[in-house]
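What's in query_13.cif: mmCIF, C-alpha atoms
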data_query
loop_
_atom_site.group_PDB
_atom_site.id
_atom_site.type_symbol
_atom_site.label_atom_id
_atom_site.label_comp_id
_atom_site.auth_asym_id
_atom_site.auth_seq_id
_atom_site.Cartn_x
_atom_site.Cartn_y
_atom_site.Cartn_z
ATOM 1 C CA MET A 503 10.604 19.827 -6.169
ATOM 2 C CA ASN A 504 13.241 21.473 -4.031
ATOM 3 C CA THR A 505 15.708 19.747 -1.766
ATOM 4 C CA THR A 506 14.028 20.687 1.509
ATOM 5 C CA LEU A 507 10.793 19.205 0.334
ATOM 6 C CA GLU A 508 12.405 15.981 -0.767
ATOM 7 C CA ASN A 509 14.104 15.593 2.571
ATOM 8 C CA ALA A 510 10.949 16.414 4.500
ATOM 9 C CA ALA A 511 8.874 13.879 2.576
ATOM 10 C CA ALA A 512 11.593 11.236 2.841
ATOM 11 C CA GLU A 513 11.941 11.729 6.597
ATOM 12 C CA TYR A 514 8.204 11.613 7.019
ATOM 13 C CA LEU A 515 7.897 8.419 4.979
ATOM 14 C CA GLU A 516 10.711 6.808 6.932
ATOM 15 C CA ALA A 517 9.011 7.567 10.233
ATOM 16 C CA VAL A 518 5.654 6.241 9.005
ATOM 17 C CA GLY A 519 7.358 3.091 7.719
ATOM 18 C CA ASP A 520 8.892 2.505 11.152
ATOM 19 C CA ALA A 521 5.394 2.415 12.634
ATOM 20 C CA PHE A 522 4.400 -0.441 10.285
ATOM 21 C CA ALA A 523 7.545 -2.525 10.611
ATOM 22 C CA ASP A 524 5.604 -5.246 12.417
ATOM 23 C CA LEU A 525 3.521 -6.087 9.324
ATOM 24 C CA PRO A 526 4.335 -8.859 6.812
ATOM 25 C CA ASP A 527 6.453 -7.933 3.788
ATOM 26 C CA ASP A 528 3.698 -7.704 1.187
ATOM 27 C CA GLU A 529 1.393 -5.607 3.355
ATOM 28 C CA LEU A 530 4.290 -3.350 4.350
ATOM 29 C CA ALA A 531 5.251 -2.948 0.693
ATOM 30 C CA ASP A 532 1.705 -1.897 -0.226
ATOM 31 C CA ILE A 533 1.494 0.618 2.588
ATOM 32 C CA VAL A 534 4.880 2.194 1.900
ATOM 33 C CA ASP A 535 3.783 2.418 -1.721
ATOM 34 C CA ASP A 536 0.547 4.174 -0.798
ATOM 35 C CA VAL A 537 2.165 6.569 1.655
ATOM 36 C CA ALA A 538 4.962 7.462 -0.788
ATOM 37 C CA GLU A 539 2.382 8.245 -3.465
ATOM 38 C CA HIS A 540 0.331 10.260 -0.979
ATOM 39 C CA LEU A 541 3.314 12.319 0.218
ATOM 40 C CA GLU A 542 4.314 12.983 -3.350
ATOM 41 C CA GLN A 543 0.910 14.444 -4.140
ATOM 42 C CA VAL A 544 0.668 16.495 -0.955
ATOM 43 C CA THR A 545 4.156 17.951 -1.362
ATOM 44 C CA ALA A 546 3.394 18.758 -4.995
ATOM 45 C CA GLU A 547 0.381 20.725 -3.758
ATOM 46 C CA PHE A 548 2.485 22.651 -1.264
ATOM 47 C CA GLY A 549 5.013 23.697 -3.889
ATOM 48 C CA ASP A 550 7.815 25.752 -2.397
ATOM 49 C CA ASP A 551 6.175 25.939 1.021
ATOM 50 C CA ALA A 552 6.666 22.260 1.719
ATOM 51 C CA SER A 553 8.550 21.486 4.899
ATOM 52 C CA ARG A 554 8.289 18.964 7.701
ATOM 53 C CA ALA A 555 6.215 21.501 9.638
ATOM 54 C CA ALA A 556 3.832 22.005 6.697
ATOM 55 C CA LEU A 557 3.443 18.235 6.279
ATOM 56 C CA GLU A 558 2.686 17.803 9.974
ATOM 57 C CA GLN A 559 0.241 20.687 9.929
ATOM 58 C CA ARG A 560 -1.636 18.961 7.134
ATOM 59 C CA LEU A 561 -1.270 15.270 8.000
ATOM 60 C CA GLY A 562 -0.344 15.218 11.674
ATOM 61 C CA THR A 563 2.916 13.775 12.941
ATOM 62 C CA PRO A 564 4.090 10.546 11.283
ATOM 63 C CA GLU A 565 3.009 8.732 14.453
ATOM 64 C CA GLN A 566 -0.486 10.248 14.289
ATOM 65 C CA TYR A 567 -0.697 9.453 10.582
ATOM 66 C CA ALA A 568 0.298 5.847 11.242
ATOM 67 C CA THR A 569 -2.149 5.521 14.146
ATOM 68 C CA GLU A 570 -5.001 6.874 12.012
ATOM 69 C CA LEU A 571 -4.129 4.563 9.118
ATOM 70 C CA ARG A 572 -3.794 1.550 11.415
ATOM 71 C CA ALA A 573 -7.183 2.204 12.973
ATOM 72 C CA ALA A 574 -8.918 2.598 9.599
ATOM 73 C CA ALA A 575 -7.119 -0.401 8.111
ATOM 74 C CA GLY A 576 -8.048 -2.610 11.045
ATOM 75 C CA TYR A 577 -4.509 -3.489 12.097
ATOM 76 C CA PRO A 578 -3.863 -4.063 15.781
ATOM 77 C CA GLU A 579 -3.576 -0.692 17.461
ATOM 78 C CA THR A 580 -0.161 -1.145 18.877
ATOM 79 C CA ALA A 581 2.642 -3.014 17.229
ATOM 80 C CA ARG A 582 2.653 -6.005 19.523
ATOM 81 C CA ARG A 583 5.159 -7.894 17.449
ATOM 82 C CA LYS A 584 8.686 -6.566 17.474
ATOM 83 C CA ALA A 585 9.878 -5.151 14.177
ATOM 84 C CA ARG A 586 11.654 -7.783 12.113
ATOM 85 C CA GLY A 587 14.846 -5.903 11.389
ATOM 86 C CA SER A 588 15.020 -2.837 9.178
ATOM 87 C CA TRP A 589 11.838 -2.508 7.135
ATOM 88 C CA LYS A 590 13.770 -1.060 4.212
ATOM 89 C CA LEU A 591 16.066 -4.073 4.030
ATOM 90 C CA ARG A 592 13.048 -6.345 4.253
ATOM 91 C CA LEU A 593 11.373 -4.541 1.359
ATOM 92 C CA LEU A 594 14.551 -4.759 -0.674
ATOM 93 C CA ARG A 595 14.789 -8.487 -0.085
ATOM 94 C CA PHE A 596 11.096 -8.904 -0.877
ATOM 95 C CA HIS A 597 11.458 -7.247 -4.265
ATOM 96 C CA VAL A 598 14.745 -8.905 -5.175
ATOM 97 C CA THR A 599 13.084 -12.233 -4.428
ATOM 98 C CA TRP A 600 10.396 -11.320 -6.944
ATOM 99 C CA VAL A 601 12.987 -10.534 -9.629
ATOM 100 C CA ILE A 602 14.662 -13.890 -9.015
ATOM 101 C CA ARG A 603 11.376 -15.823 -9.131
ATOM 102 C CA LEU A 604 10.303 -14.183 -12.364
ATOM 103 C CA SER A 605 13.761 -14.648 -13.912
ATOM 104 C CA VAL A 606 13.718 -18.340 -13.116
ATOM 105 C CA ALA A 607 10.238 -18.649 -14.609
ATOM 106 C CA ALA A 608 11.312 -16.786 -17.758
ATOM 107 C CA ALA A 609 14.499 -18.899 -17.999
ATOM 108 C CA ALA A 610 12.467 -22.097 -17.772
ATOM 109 C CA VAL A 611 10.243 -20.939 -20.617
ATOM 110 C CA GLY A 612 13.237 -19.846 -22.714
ATOM 111 C CA LEU A 613 15.023 -23.143 -22.111
ATOM 112 C CA GLY A 614 11.896 -25.058 -23.059
ATOM 113 C CA ILE A 615 11.659 -23.169 -26.326
ATOM 114 C CA SER A 616 15.349 -23.637 -27.163
ATOM 115 C CA LEU A 617 15.222 -27.382 -26.414
ATOM 116 C CA ALA A 618 12.133 -27.791 -28.510
ATOM 117 C CA ASP A 619 14.076 -26.527 -31.512
ATOM 118 C CA GLU A 620 16.724 -29.154 -32.379
ATOM 119 C CA TYR A 621 18.862 -26.725 -34.377
ATOM 120 C CA TRP A 622 19.178 -24.215 -31.605
ATOM 121 C CA TYR A 623 21.129 -25.083 -28.540
ATOM 122 C CA PRO A 624 24.835 -24.327 -28.720
ATOM 123 C CA GLU A 625 26.159 -23.173 -25.381
ATOM 124 C CA TRP A 626 26.452 -19.476 -26.188
ATOM 125 C CA GLN A 627 22.829 -19.408 -27.210
ATOM 126 C CA PHE A 628 21.835 -20.932 -23.912
ATOM 127 C CA GLY A 629 23.769 -18.142 -22.168
ATOM 128 C CA ALA A 630 21.887 -15.614 -24.248
ATOM 129 C CA VAL A 631 18.571 -17.215 -23.247
ATOM 130 C CA VAL A 632 19.499 -16.953 -19.575
ATOM 131 C CA ALA A 633 20.560 -13.305 -19.966
ATOM 132 C CA ILE A 634 17.336 -12.441 -21.753
ATOM 133 C CA ALA A 635 15.396 -14.322 -19.082
ATOM 134 C CA ILE A 636 16.977 -12.287 -16.292
ATOM 135 C CA ALA A 637 16.264 -9.073 -18.164
ATOM 136 C CA GLY A 638 12.730 -10.351 -18.684
ATOM 137 C CA GLY A 639 12.427 -11.131 -14.984
ATOM 138 C CA ILE A 640 13.456 -7.624 -14.038
ATOM 139 C CA TRP A 641 11.086 -6.187 -16.615
ATOM 140 C CA LEU A 642 8.227 -8.335 -15.313
ATOM 141 C CA ALA A 643 9.002 -7.396 -11.736
ATOM 142 C CA VAL A 644 8.899 -3.703 -12.607
ATOM 143 C CA ASN A 645 5.987 -3.826 -15.040
ATOM 144 C CA GLY A 646 4.192 -7.051 -14.268
ATOM 145 C CA PRO A 647 0.950 -7.271 -12.339
ATOM 146 C CA ALA A 648 2.395 -9.000 -9.293
ATOM 147 C CA ALA A 649 5.005 -6.518 -8.180
ATOM 148 C CA SER A 650 3.634 -3.343 -9.785
ATOM 149 C CA ARG A 651 5.731 -0.312 -9.146
ATOM 150 C CA ARG A 652 7.046 -1.551 -5.822
ATOM 151 C CA THR A 653 10.148 -2.752 -7.545
ATOM 152 C CA CYS A 654 10.612 0.652 -9.036
ATOM 153 C CA PHE A 655 10.587 2.051 -5.519
ATOM 154 C CA VAL A 656 13.221 -0.353 -4.330
ATOM 155 C CA SER A 657 15.395 -0.129 -7.414
ATOM 156 C CA SER A 658 15.322 3.621 -6.991
ATOM 157 C CA GLN A 659 16.657 3.154 -3.487
ATOM 158 C CA MET A 660 19.356 0.776 -4.657
ATOM 159 C CA LEU A 661 20.483 2.966 -7.511
ATOM 160 C CA ARG A 662 20.397 6.060 -5.358
ATOM 161 C CA GLY A 663 22.515 4.365 -2.765
ATOM 162 C CA TRP A 664 24.983 2.885 -5.199
ATOM 163 C CA THR A 665 25.356 5.586 -7.784
ATOM 164 C CA GLY A 666 24.112 8.728 -6.090
ATOM 165 C CA THR A 667 21.763 9.469 -8.952
ATOM 166 C CA SER A 668 18.245 10.646 -8.369
ATOM 167 C CA GLN A 669 15.539 8.468 -9.829
ATOM 168 C CA GLN A 670 12.523 9.349 -11.854
ATOM 169 C CA CYS A 671 10.167 6.625 -10.719
ATOM 170 C CA LEU A 672 9.770 7.858 -7.175
ATOM 171 C CA GLN A 673 11.337 11.224 -6.727
ATOM 172 C CA GLY A 674 12.070 12.586 -3.345
ATOM 173 C CA GLN A 675 12.157 9.450 -1.270
ATOM 174 C CA GLY A 676 15.889 9.323 -0.781
ATOM 175 C CA LEU A 677 15.462 6.515 1.668
ATOM 176 C CA GLY A 678 17.774 3.882 0.662
ATOM 177 C CA ARG A 679 21.147 2.674 1.449
ATOM 178 C CA PRO A 680 22.228 -0.583 -0.103
ATOM 179 C CA PRO A 681 22.417 -3.551 2.227
ATOM 180 C CA SER A 682 25.899 -2.810 3.495
ATOM 181 C CA SER A 683 25.793 -5.597 6.006
ATOM 182 C CA SER A 684 24.100 -8.862 5.276
ATOM 183 C CA ARG A 685 23.960 -9.826 8.932
ATOM 184 C CA ARG A 686 20.915 -7.588 9.327
ATOM 185 C CA TYR A 687 18.928 -9.969 7.174
ATOM 186 C CA GLY A 688 19.046 -12.371 10.063
ATOM 187 C CA GLN A 689 17.550 -9.917 12.572
ATOM 188 C CA ARG A 690 13.854 -10.398 12.558
ATOM 189 C CA GLY A 691 12.850 -10.209 16.168
ATOM 190 C CA GLY A 692 11.168 -13.409 17.169
ATOM 191 C CA CYS A 693 11.421 -14.901 13.703
ATOM 192 C CA SER A 694 14.752 -16.336 12.692
ATOM 193 C CA GLY A 695 15.590 -18.383 9.646
ATOM 194 C CA HIS A 696 13.897 -18.366 6.290
ATOM 195 C CA GLY A 697 11.273 -20.991 7.005
ATOM 196 C CA SER A 698 9.952 -19.329 10.117
ATOM 197 C CA ARG A 699 9.329 -16.041 8.327
ATOM 198 C CA ARG A 700 6.350 -17.617 6.627
ATOM 199 C CA ARG A 701 5.020 -18.845 9.922
ATOM 200 C CA CYS A 702 5.310 -15.364 11.373
ATOM 201 C CA SER A 703 3.463 -13.886 8.432
ATOM 202 C CA ARG A 704 0.784 -16.506 8.697
ATOM 203 C CA SER A 705 0.278 -16.000 12.381
ATOM 204 C CA PHE A 706 0.012 -12.284 11.769
ATOM 205 C CA SER A 707 -2.608 -12.923 9.085
ATOM 206 C CA ALA A 708 -4.431 -15.142 11.521
ATOM 207 C CA ARG A 709 -4.435 -12.309 14.012
ATOM 208 C CA ILE A 710 -5.810 -9.960 11.343
ATOM 209 C CA ARG A 711 -8.561 -12.498 10.577
ATOM 210 C CA ARG A 712 -9.418 -12.812 14.255
ATOM 211 C CA PHE A 713 -9.465 -9.054 14.481
ATOM 212 C CA HIS A 714 -11.895 -8.903 11.587
ATOM 213 C CA SER A 715 -14.115 -11.607 12.965
ATOM 214 C CA ARG A 716 -14.592 -9.351 15.980
ATOM 215 C CA ALA A 717 -15.674 -6.542 13.648
ATOM 216 C CA PRO A 718 -18.504 -8.221 11.729
ATOM 217 C CA HIS A 719 -19.787 -4.995 10.188
ATOM 218 C CA LEU A 720 -17.028 -5.327 7.633
ATOM 219 C CA HIS A 721 -18.381 -8.473 6.105
ATOM 220 C CA MET B 148 -21.328 17.086 17.723
ATOM 221 C CA ASP B 149 -17.916 15.828 16.673
ATOM 222 C CA THR B 150 -18.201 15.021 12.969
ATOM 223 C CA SER B 151 -15.019 12.949 12.974
ATOM 224 C CA GLN B 152 -16.684 10.451 15.332
ATOM 225 C CA LEU B 153 -19.633 10.105 12.956
ATOM 226 C CA LEU B 154 -17.289 9.709 10.013
ATOM 227 C CA LYS B 155 -15.561 6.699 11.552
ATOM 228 C CA GLY B 156 -18.750 4.682 11.301
ATOM 229 C CA VAL B 157 -19.586 5.552 7.718
ATOM 230 C CA LEU B 158 -16.205 5.936 6.033
ATOM 231 C CA ASP B 159 -16.421 2.450 4.489
ATOM 232 C CA LEU B 160 -19.739 3.346 2.926
ATOM 233 C CA ALA B 161 -18.517 6.760 1.780
ATOM 234 C CA VAL B 162 -15.413 5.278 0.115
ATOM 235 C CA LEU B 163 -17.491 2.568 -1.587
ATOM 236 C CA ALA B 164 -19.934 5.226 -2.769
ATOM 237 C CA VAL B 165 -17.312 7.452 -4.415
ATOM 238 C CA LEU B 166 -15.832 4.351 -6.066
ATOM 239 C CA ARG B 167 -19.222 3.456 -7.543
ATOM 240 C CA ASP B 168 -18.984 6.353 -9.994
ATOM 241 C CA SER B 169 -15.461 5.637 -11.187
ATOM 242 C CA ASP B 170 -12.183 4.084 -10.092
ATOM 243 C CA GLY B 171 -9.712 6.337 -8.336
ATOM 244 C CA TYR B 172 -6.322 6.519 -6.624
ATOM 245 C CA GLY B 173 -6.003 7.309 -2.936
ATOM 246 C CA TYR B 174 -5.532 11.045 -3.007
ATOM 247 C CA ASP B 175 -8.131 11.467 -5.728
ATOM 248 C CA LEU B 176 -10.636 9.736 -3.444
ATOM 249 C CA VAL B 177 -9.703 12.013 -0.523
ATOM 250 C CA ARG B 178 -10.473 15.012 -2.721
ATOM 251 C CA ARG B 179 -13.738 13.541 -3.977
ATOM 252 C CA LEU B 180 -14.916 12.847 -0.420
ATOM 253 C CA ARG B 181 -14.082 16.424 0.623
ATOM 254 C CA ALA B 182 -15.803 17.826 -2.447
ATOM 255 C CA ALA B 183 -18.858 15.766 -1.507
ATOM 256 C CA GLY B 184 -19.049 17.623 1.810
ATOM 257 C CA LEU B 185 -17.081 15.304 4.107
ATOM 258 C CA THR B 186 -14.570 18.058 4.761
ATOM 259 C CA GLU B 187 -13.156 16.557 7.940
ATOM 260 C CA VAL B 188 -12.180 13.228 6.431
ATOM 261 C CA GLY B 189 -8.582 12.352 7.311
ATOM 262 C CA ASP B 190 -6.160 11.450 4.545
ATOM 263 C CA ALA B 191 -4.686 8.502 6.422
ATOM 264 C CA SER B 192 -8.174 7.200 7.275
ATOM 265 C CA VAL B 193 -9.047 7.001 3.590
ATOM 266 C CA TYR B 194 -5.829 5.135 2.768
ATOM 267 C CA GLY B 195 -6.417 2.789 5.704
ATOM 268 C CA THR B 196 -10.017 2.168 4.657
ATOM 269 C CA LEU B 197 -8.844 1.308 1.143
ATOM 270 C CA ARG B 198 -6.368 -1.233 2.544
ATOM 271 C CA ARG B 199 -9.066 -2.838 4.663
ATOM 272 C CA LEU B 200 -11.690 -3.001 1.913
ATOM 273 C CA TYR B 201 -9.028 -4.413 -0.413
ATOM 274 C CA ARG B 202 -8.039 -7.119 2.079
ATOM 275 C CA ALA B 203 -11.697 -7.922 2.660
ATOM 276 C CA GLY B 204 -11.947 -8.691 -1.067
ATOM 277 C CA GLY B 205 -14.205 -5.814 -2.082
ATOM 278 C CA LEU B 206 -11.774 -3.897 -4.283
ATOM 279 C CA THR B 207 -9.568 -4.492 -7.284
ATOM 280 C CA THR B 208 -6.370 -2.541 -7.761
ATOM 281 C CA TYR B 209 -4.176 -1.731 -10.727
ATOM 282 C CA VAL B 210 -1.314 0.605 -11.492
ATOM 283 C CA VAL B 211 -1.542 3.345 -14.085
ATOM 284 C CA PRO B 212 1.650 4.961 -15.381
ATOM 285 C CA SER B 213 1.698 8.743 -15.212
ATOM 286 C CA ASP B 214 3.690 11.122 -17.383
ATOM 287 C CA GLU B 215 4.012 13.761 -14.687
ATOM 288 C CA GLY B 216 5.215 11.673 -11.784
ATOM 289 C CA PRO B 217 5.121 8.250 -10.232
ATOM 290 C CA HIS B 218 2.639 5.602 -11.256
ATOM 291 C CA ARG B 219 -0.702 5.729 -9.504
ATOM 292 C CA LYS B 220 -2.415 2.849 -7.779
ATOM 293 C CA TYR B 221 -6.086 2.857 -8.703
ATOM 294 C CA TYR B 222 -8.807 1.128 -6.747
ATOM 295 C CA GLY B 223 -12.154 -0.012 -8.109
ATOM 296 C CA LEU B 224 -15.197 -1.973 -6.942
ATOM 297 C CA ASN B 225 -15.566 -5.646 -7.809
ATOM 298 C CA ASP B 226 -18.778 -7.670 -7.430
ATOM 299 C CA ALA B 227 -18.185 -8.257 -3.725
ATOM 300 C CA GLY B 228 -17.604 -4.521 -3.270
ATOM 301 C CA ARG B 229 -20.802 -3.608 -5.086
ATOM 302 C CA HIS B 230 -22.694 -6.120 -2.963
ATOM 303 C CA LEU B 231 -21.173 -4.619 0.192
ATOM 304 C CA LEU B 232 -22.149 -1.149 -1.021
ATOM 305 C CA ASP B 233 -25.772 -2.241 -1.584
ATOM 306 C CA GLU B 234 -26.014 -3.885 1.827
ATOM 307 C CA SER B 235 -24.389 -0.959 3.623
ATOM 308 C CA THR B 236 -26.613 1.514 1.792
ATOM 309 C CA LYS B 237 -29.715 -0.291 3.067
ATOM 310 C CA THR B 238 -28.367 -0.340 6.618
ATOM 311 C CA TRP B 239 -27.532 3.349 6.437
ATOM 312 C CA GLN B 240 -30.925 4.335 5.020
ATOM 313 C CA GLU B 241 -32.812 2.500 7.764
ATOM 314 C CA PHE B 242 -30.591 4.067 10.390
ATOM 315 C CA ALA B 243 -30.844 7.576 8.947
ATOM 316 C CA GLU B 244 -34.614 7.274 8.601
ATOM 317 C CA ALA B 245 -34.982 6.234 12.232
ATOM 318 C CA MET B 246 -32.748 9.096 13.413
ATOM 319 C CA THR B 247 -34.530 11.648 11.255
ATOM 320 C CA HIS B 248 -37.894 10.504 12.552
ATOM 321 C CA LEU B 249 -36.669 10.563 16.126
ATOM 322 C CA LEU B 250 -35.303 14.078 15.800
ATOM 323 C CA ALA B 251 -38.409 15.395 14.064
ATOM 324 C CA THR B 252 -41.024 13.929 16.373
ATOM 325 C CA GLY B 253 -39.244 13.273 19.665
ATOM 326 C CA ALA B 254 -39.078 9.969 21.480
ATOM 327 C CA LYS B 255 -42.623 10.193 22.954
ATOM 328 C CA GLU B 256 -44.471 10.451 19.673
ATOM 329 C CA ALA B 257 -42.166 7.930 18.040
ATOM 330 C CA ALA B 258 -42.997 5.355 20.696
#
When written as structure tokens, how does the structure in this file appear?
Amino acid sequence: MNTTLENAAAEYLEAVGDAFADLPDDELADIVDDVAEHLEQVTAEFGDDASRAALEQRLGTPEQYATELRAAAGYPETARRKARGSWKLRLLRFHVTWVIRLSVAAAAVGLGISLADEYWYPEWQFGAVVAIAIAGGIWLAVNGPAASRRTCFVSSQMLRGWTGTSQQCLQGQGLGRPPSSSRRYGQRGGCSGHGSRRRCSRSFSARIRRFHSRAPHLH
Amino acid sequence: MDTSQLLKGVLDLAVLAVLRDSDGYGYDLVRRLRAAGLTEVGDASVYGTLRRLYRAGGLTTYVVPSDEGPHRKYYGLNDAGRHLLDESTKTWQEFAEAMTHLLATGAKEAA
């Protein structure tokens, strides 16, 4: 893959992502995943001829692509809800949350095992259990069924932003900058605070359900 | 007649039908649909249809690592999906039969 192609695909993905910024985190993560995979395959087909113009010739503009996907997926046609801050930061937070959850779960299991064995709980060993648990949490988040390769996508963004290296798990995205300013986490349009995020997601799901109930041929 | 308009109504059924044979990832399904003669099917429409069928509970999904590039997200039919395929197939066959009859005989004879 050449540099032009990587940039073209990354720009295209970024623009498509912007059009879905109103969706809840998990749905957004799935879509960005799908579109990234799609762009990767299309650009691989183009070979050296890949450019933004070639992508648009094939797939339409990012806006047209997003409109077509929205219509087929049954999302509301226009993004009625304001975007909840930067979608990339939201995805990053979503995946980091998964790593933390899985680490805590793994730590609880490790602690249980170490306490069950009466000969095995000096302090340094407990530290080792916690370290292994965090590593296990990251491994589960990358490889486990719940987060699939989404985490790979985000970690590639983080590493790219922090170290400048290109990543193997999702080449050519080049999207990410690390969260340089934590204040942006607070900007979520009409939804502020951690608790209300769930309510926003739920009300969006409710809207999706209502939308589907008006399209009975799906069921 | 604009084929893309016709496609909108039957894309669910077409996607379910290509998944009946074997599981596939998004772009693979786009290619299979085109190879089957639905040349005007839009890439984004297929991805959107997969999202909708998945949310409706008709599909399973799993990730397969790939040596050449990124992992691929495969979709497959579950029991609900197969049931939906059967129901939609019946609906389509009745509809297609009625249209074929109408076109062959004209409205007067059909009535």
Could you give me, as JSON lines, every chain B residue with an atom at most 8 Å from chain A, plus its closest atom pair and distance in Å to one decimal, counting only C-alpha atoms, rows ordered by chain then number?
{"residue": "B:Gly173", "atom": "CA", "partner": "A:His540", "partner_atom": "CA", "distance": 7.3}
{"residue": "B:Tyr174", "atom": "CA", "partner": "A:His540", "partner_atom": "CA", "distance": 6.3}
{"residue": "B:Gly189", "atom": "CA", "partner": "A:Leu561", "partner_atom": "CA", "distance": 7.9}
{"residue": "B:Asp190", "atom": "CA", "partner": "A:Leu561", "partner_atom": "CA", "distance": 7.1}
{"residue": "B:Ala191", "atom": "CA", "partner": "A:Leu571", "partner_atom": "CA", "distance": 4.8}
{"residue": "B:Ser192", "atom": "CA", "partner": "A:Leu571", "partner_atom": "CA", "distance": 5.2}
{"residue": "B:Val193", "atom": "CA", "partner": "A:Ala574", "partner_atom": "CA", "distance": 7.5}
{"residue": "B:Tyr194", "atom": "CA", "partner": "A:Leu571", "partner_atom": "CA", "distance": 6.6}
{"residue": "B:Gly195", "atom": "CA", "partner": "A:Ala575", "partner_atom": "CA", "distance": 4.1}
{"residue": "B:Thr196", "atom": "CA", "partner": "A:Ala574", "partner_atom": "CA", "distance": 5.1}
{"residue": "B:Leu197", "atom": "CA", "partner": "A:Ala575", "partner_atom": "CA", "distance": 7.4}
{"residue": "B:Arg198", "atom": "CA", "partner": "A:Ala575", "partner_atom": "CA", "distance": 5.7}
{"residue": "B:Arg199", "atom": "CA", "partner": "A:Ala575", "partner_atom": "CA", "distance": 4.6}
{"residue": "B:Ala203", "atom": "CA", "partner": "A:His721", "partner_atom": "CA", "distance": 7.5}
{"residue": "B:Tyr209", "atom": "CA", "partner": "A:Pro647", "partner_atom": "CA", "distance": 7.7}
{"residue": "B:Val210", "atom": "CA", "partner": "A:Ser650", "partner_atom": "CA", "distance": 6.6}
{"residue": "B:Gly216", "atom": "CA", "partner": "A:Cys671", "partner_atom": "CA", "distance": 7.2}
{"residue": "B:Pro217", "atom": "CA", "partner": "A:Cys671", "partner_atom": "CA", "distance": 5.3}
{"residue": "B:His218", "atom": "CA", "partner": "A:Arg651", "partner_atom": "CA", "distance": 7.0}
{"residue": "B:Arg219", "atom": "CA", "partner": "A:Glu539", "partner_atom": "CA", "distance": 7.2}
{"residue": "B:Lys220", "atom": "CA", "partner": "A:Asp536", "partner_atom": "CA", "distance": 7.7}
{"residue": "B:Leu231", "atom": "CA", "partner": "A:His721", "partner_atom": "CA", "distance": 7.6}
Go ahead and write the selection's residues with C-alpha atoms as a tab-separated table (two decimals), in the coordinates of the input.
chain	number	residue	atom	x	y	z
B	173	GLY	CA	-6.00	7.31	-2.94
B	174	TYR	CA	-5.53	11.04	-3.01
B	189	GLY	CA	-8.58	12.35	7.31
B	190	ASP	CA	-6.16	11.45	4.54
B	191	ALA	CA	-4.69	8.50	6.42
B	192	SER	CA	-8.17	7.20	7.28
B	193	VAL	CA	-9.05	7.00	3.59
B	194	TYR	CA	-5.83	5.14	2.77
B	195	GLY	CA	-6.42	2.79	5.70
B	196	THR	CA	-10.02	2.17	4.66
B	197	LEU	CA	-8.84	1.31	1.14
B	198	ARG	CA	-6.37	-1.23	2.54
B	199	ARG	CA	-9.07	-2.84	4.66
B	203	ALA	CA	-11.70	-7.92	2.66
B	209	TYR	CA	-4.18	-1.73	-10.73
B	210	VAL	CA	-1.31	0.60	-11.49
B	216	GLY	CA	5.22	11.67	-11.78
B	217	PRO	CA	5.12	8.25	-10.23
B	218	HIS	CA	2.64	5.60	-11.26
B	219	ARG	CA	-0.70	5.73	-9.50
B	220	LYS	CA	-2.42	2.85	-7.78
B	231	LEU	CA	-21.17	-4.62	0.19
Could you tell me which residues the PyMOL selection byres ((chain B and resi 222-226) around 8) grabs in this file, written as a PDB file with C-alpha atoms, keeping the file's coordinate frame?
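Dumped to expr.pdb:
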ATOM      1  CA  LEU B 163     -17.491   2.568  -1.587  1.00  0.00           C
ATOM      2  CA  LEU B 166     -15.832   4.351  -6.066  1.00  0.00           C
ATOM      3  CA  ARG B 167     -19.222   3.456  -7.543  1.00  0.00           C
ATOM      4  CA  SER B 169     -15.461   5.637 -11.187  1.00  0.00           C
ATOM      5  CA  ASP B 170     -12.183   4.084 -10.092  1.00  0.00           C
ATOM      6  CA  GLY B 171      -9.712   6.337  -8.336  1.00  0.00           C
ATOM      7  CA  TYR B 172      -6.322   6.519  -6.624  1.00  0.00           C
ATOM      8  CA  GLY B 173      -6.003   7.309  -2.936  1.00  0.00           C
ATOM      9  CA  LEU B 197      -8.844   1.308   1.143  1.00  0.00           C
ATOM     10  CA  GLY B 205     -14.205  -5.814  -2.082  1.00  0.00           C
ATOM     11  CA  LEU B 206     -11.774  -3.897  -4.283  1.00  0.00           C
ATOM     12  CA  THR B 207      -9.568  -4.492  -7.284  1.00  0.00           C
ATOM     13  CA  THR B 208      -6.370  -2.541  -7.761  1.00  0.00           C
ATOM     14  CA  TYR B 209      -4.176  -1.731 -10.727  1.00  0.00           C
ATOM     15  CA  LYS B 220      -2.415   2.849  -7.779  1.00  0.00           C
ATOM     16  CA  TYR B 221      -6.086   2.857  -8.703  1.00  0.00           C
ATOM     17  CA  ALA B 227     -18.185  -8.257  -3.725  1.00  0.00           C
ATOM     18  CA  GLY B 228     -17.604  -4.521  -3.270  1.00  0.00           C
ATOM     19  CA  ARG B 229     -20.802  -3.608  -5.086  1.00  0.00           C
ATOM     20  CA  HIS B 230     -22.694  -6.120  -2.963  1.00  0.00           C
TER      21      HIS B 230
END
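With CA of Gly629 in chain A on one side and CA of Gly612 in chain A on the other, the separation reads 10.7 Å.
Taking CA of Asp214 in chain B and CA of Val598 in chain A as endpoints, the distance between them is 25.9 Å.
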Original post:
What is the distance, in Å and to one decimal place, between CA of Phe548 in chain A and CA of Phe522 in chain A?
Top reply: 25.9 Å
